[in-house]
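One structure is given here, and the rest of the page talks about it.
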Amino acid sequence: MKYRVLKRDGLAKRAEMETVHGVIQTPVFMNVGTVGAIKGAVSTEDLENIGTQVELSNTYHLHVRTGDKLIKEMGGLHKFMSWNRPILTDSGGFQVFSLAGLRKIKEEGVTFNSHIDGRKIFMGPEESIQIQSNLGSTIAMAFDECPPALAEREYVLPSVERTTRWLERCIRKMAELNAKEDTVNKEQLLFGINQGAIYADIRIEHAKRIAEFDLPGYAIGGLAVGESHEQMYYILDETVPFLPADKPVYLMGVGTPANILEAVDRGVDFFDCVYPTRNGRHAHMYTNHGKLNLMNSKYEKDDRPIEEGCQCPACRRYSRAYIRHLLKAKEMLGMRLGVLHNLYFYNHLMEEIRAAIDEGRYKEFKNQKLKDLAGDTAE
RNA sequence: GUGGCUAUAGCGUAGUUGGUUAACGCGCCAGAUUGUGGUUCUGGAGAUCGAGGGUUCGAGUCCCUCUAGCCACC
């Protein structure tokens, strides 16, 4: 793995990361495809057409259905889903926090109930890494606990210390698995995750601590889970400087186009978020002049594309009125076109961000873009 | 033609022995959703209770007439 910073513009970084599955140009937005597929009947061929660099899949979801052992048997996730560019797998740590109703967190790991059939599942660092190794993703994420943003210090501190111990176990397990003969991807990379809710001192201490492990990349987790934007930006301001400057920084689960513009300006280079896909399925479309809700009746007879000049597969051919009709009729094609448009928008936004940093005009670009996006001239 | 049943928001329904601003689901209109359960949540608009008359302090509710629909019989 080689990570090279090509250009700095303020704190904004323009870099490229070489992996066994190809080069990633950063800043990058990873397209979220939880179960080895972007929801909305989007194929990997579509992803190639809309400029997707990295696909993100989920350890927990693939483990409960259809099973990581099967995927290993089928030659790994890349081969299975026919995608030869980079894949990042989330560790399942977030699912433990977000969708497991009944859960028990102990030193060894977490016991919780499957959302599919309710059966009891145990997952700890070793289990998560084993699953991710079976999937053979390009980048695996450490198994962490994601405490709620509003959690008390007294809860967060021991939780973060445990996350550090879990990281050490992840590192050991991955080294062991990468050395094995039958491992799908022997060069699988591990990113560590910084936690600490909205307590800057805990974040900083933890950042320093995990930086010592000299991992190929670092993530900031536990943000955009209920705190304000100001708090999130503040935590980024405080924390990013304590992560290694020559390593990629990944802000997990973020966010809106504005969030991304701000985070890039604070040194972040990897992002992922369900917004473009979930909102695409639910008729919320992103444009350079603000968001629009295609369900609104004012688009009933609107013959224009979602955004004039947009080169996505939806805008090149179909009208707002038609896509609205499809969404109203709950026709799959409506979701598909909505998702393709939004992902194209995000991927294209990242391209513009990279160009702006390359040309040393990121600040002006960001300010202008924020103004455009806040506008309500989409209609 | 005769008898019976029904009529409440765009659709399907609830509405106690008659008692304030007639309720619910779907749909419609809008808003949320940040390491995704094709969701889920939160608001809003919309009804002279089929029409007319009567009883009553008070009628969606009781009575009469009419209209429409459904069912049965001739």
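Going through the structure tokens in order, the chains are called A, B, and so on, while each chain numbers its residues from 1 and the ligands are numbered from 1 in the order shown.
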
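For chain A, the residues having at least one atom no farther than 6 Å from chain B, when counting only C-alpha atoms (C1' of nucleotides), are Phe94, Ala224, Met252, Gly253, Val254, Gly255, Cys273 and Val274 of chain A.
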
Practice problem: DSSP on the backbone, then: every residue of range 85-155 of chain A marked alpha helix (DSSP H), written as a list in words. | Solution: Gly93, Phe94, Gln95, Val96, Phe97, Ser98, Pro125, Glu126, Glu127, Ser128, Ile129, Gln130, Ile131, Gln132, Ser133, Asn134, Leu135, Arg153, Glu154 and Tyr155 of chain A

Quiz prompt | Close residues, Pro241 in chain A itself excluded, 12 Å, only C-alpha atoms (C1' of nucleotides), min 4 positions apart in chain, as a ChimeraX atom specification | solution = /A:11,200,203-205,207-208,211,235-237,245-247,249,266-268

Quiz prompt | Who sits within 9 Å of range 369-374 of chain A, only C-alpha atoms (C1' of nucleotides), same chain under 4 positions skipped, as a ChimeraX atom specification | solution = /A:257-258,261,286-291,364-365

Quiz prompt | Nearby residues (only C-alpha atoms (C1' of nucleotides)) at most 10 Å from Ile193 in chain A, same-chain spacing under 4 positions excluded, as number ranges by chain | solution = A: 141-146, 160, 163-164, 167, 206-207, 210, 217-222, 249-252

Output the selection as a compact mmCIF listing (two decimals), in the first residue's frame - N, CA and C atoms for each residue.
# COMPACT_ATOMS: atom_id res chain seq x y z
N MET A 141 -12.20 -2.60 8.55
CA MET A 141 -12.26 -1.64 9.65
C MET A 141 -12.14 -2.38 10.98
N ALA A 142 -11.51 -1.71 11.92
CA ALA A 142 -11.38 -2.29 13.26
C ALA A 142 -12.76 -2.40 13.91
N PHE A 143 -12.89 -3.38 14.78
CA PHE A 143 -14.15 -3.56 15.52
C PHE A 143 -14.13 -2.62 16.72
N ASP A 144 -15.08 -1.71 16.74
CA ASP A 144 -15.09 -0.69 17.79
C ASP A 144 -16.46 -0.59 18.43
N GLU A 145 -16.55 0.17 19.49
CA GLU A 145 -17.86 0.51 20.02
C GLU A 145 -18.11 1.96 19.69
N CYS A 146 -19.31 2.23 19.23
CA CYS A 146 -19.68 3.59 18.85
C CYS A 146 -20.67 4.13 19.89
N VAL A 160 -13.87 3.82 25.26
CA VAL A 160 -12.79 4.13 24.31
C VAL A 160 -11.54 3.31 24.64
N THR A 163 -12.09 0.01 23.27
CA THR A 163 -11.94 0.04 21.81
C THR A 163 -10.47 -0.04 21.43
N THR A 164 -9.60 0.56 22.21
CA THR A 164 -8.15 0.48 21.95
C THR A 164 -7.66 -0.96 22.12
N LEU A 167 -8.69 -2.91 19.26
CA LEU A 167 -7.86 -2.62 18.08
C LEU A 167 -6.61 -3.50 18.08
N HIS A 206 -6.97 9.38 22.56
CA HIS A 206 -7.19 8.16 21.81
C HIS A 206 -6.49 8.21 20.45
N ALA A 207 -6.54 9.38 19.80
CA ALA A 207 -5.88 9.55 18.50
C ALA A 207 -4.38 9.29 18.64
N ILE A 210 -3.77 5.42 19.21
CA ILE A 210 -3.89 4.51 18.06
C ILE A 210 -2.91 4.86 16.95
N GLY A 217 -4.30 3.42 7.78
CA GLY A 217 -5.27 4.51 7.73
C GLY A 217 -6.02 4.62 9.05
N TYR A 218 -6.66 5.77 9.24
CA TYR A 218 -7.38 6.01 10.49
C TYR A 218 -8.75 6.62 10.21
N ALA A 219 -9.71 6.17 10.99
CA ALA A 219 -11.06 6.69 10.83
C ALA A 219 -11.49 7.44 12.08
N ILE A 220 -12.40 8.36 11.89
CA ILE A 220 -13.03 9.03 13.02
C ILE A 220 -14.47 8.53 13.04
N GLY A 221 -14.81 7.82 14.09
CA GLY A 221 -16.15 7.27 14.20
C GLY A 221 -16.94 8.01 15.26
N GLY A 222 -18.21 7.66 15.34
CA GLY A 222 -19.03 8.21 16.41
C GLY A 222 -19.39 9.66 16.24
N VAL A 249 -7.37 9.77 6.26
CA VAL A 249 -8.32 9.95 7.36
C VAL A 249 -9.73 9.77 6.81
N TYR A 250 -10.48 8.95 7.50
CA TYR A 250 -11.82 8.55 7.04
C TYR A 250 -12.84 8.98 8.09
N LEU A 251 -13.77 9.84 7.67
CA LEU A 251 -14.84 10.28 8.59
C LEU A 251 -16.07 9.41 8.34
N MET A 252 -16.34 8.53 9.28
CA MET A 252 -17.33 7.48 9.03
C MET A 252 -18.78 7.98 9.08

Practice problem: Go ahead and compute the interatomic distance for CA of Ile116 in chain A and CA of Ser57 in chain A, in Å to one decimal. | Solution: 17.4 Å
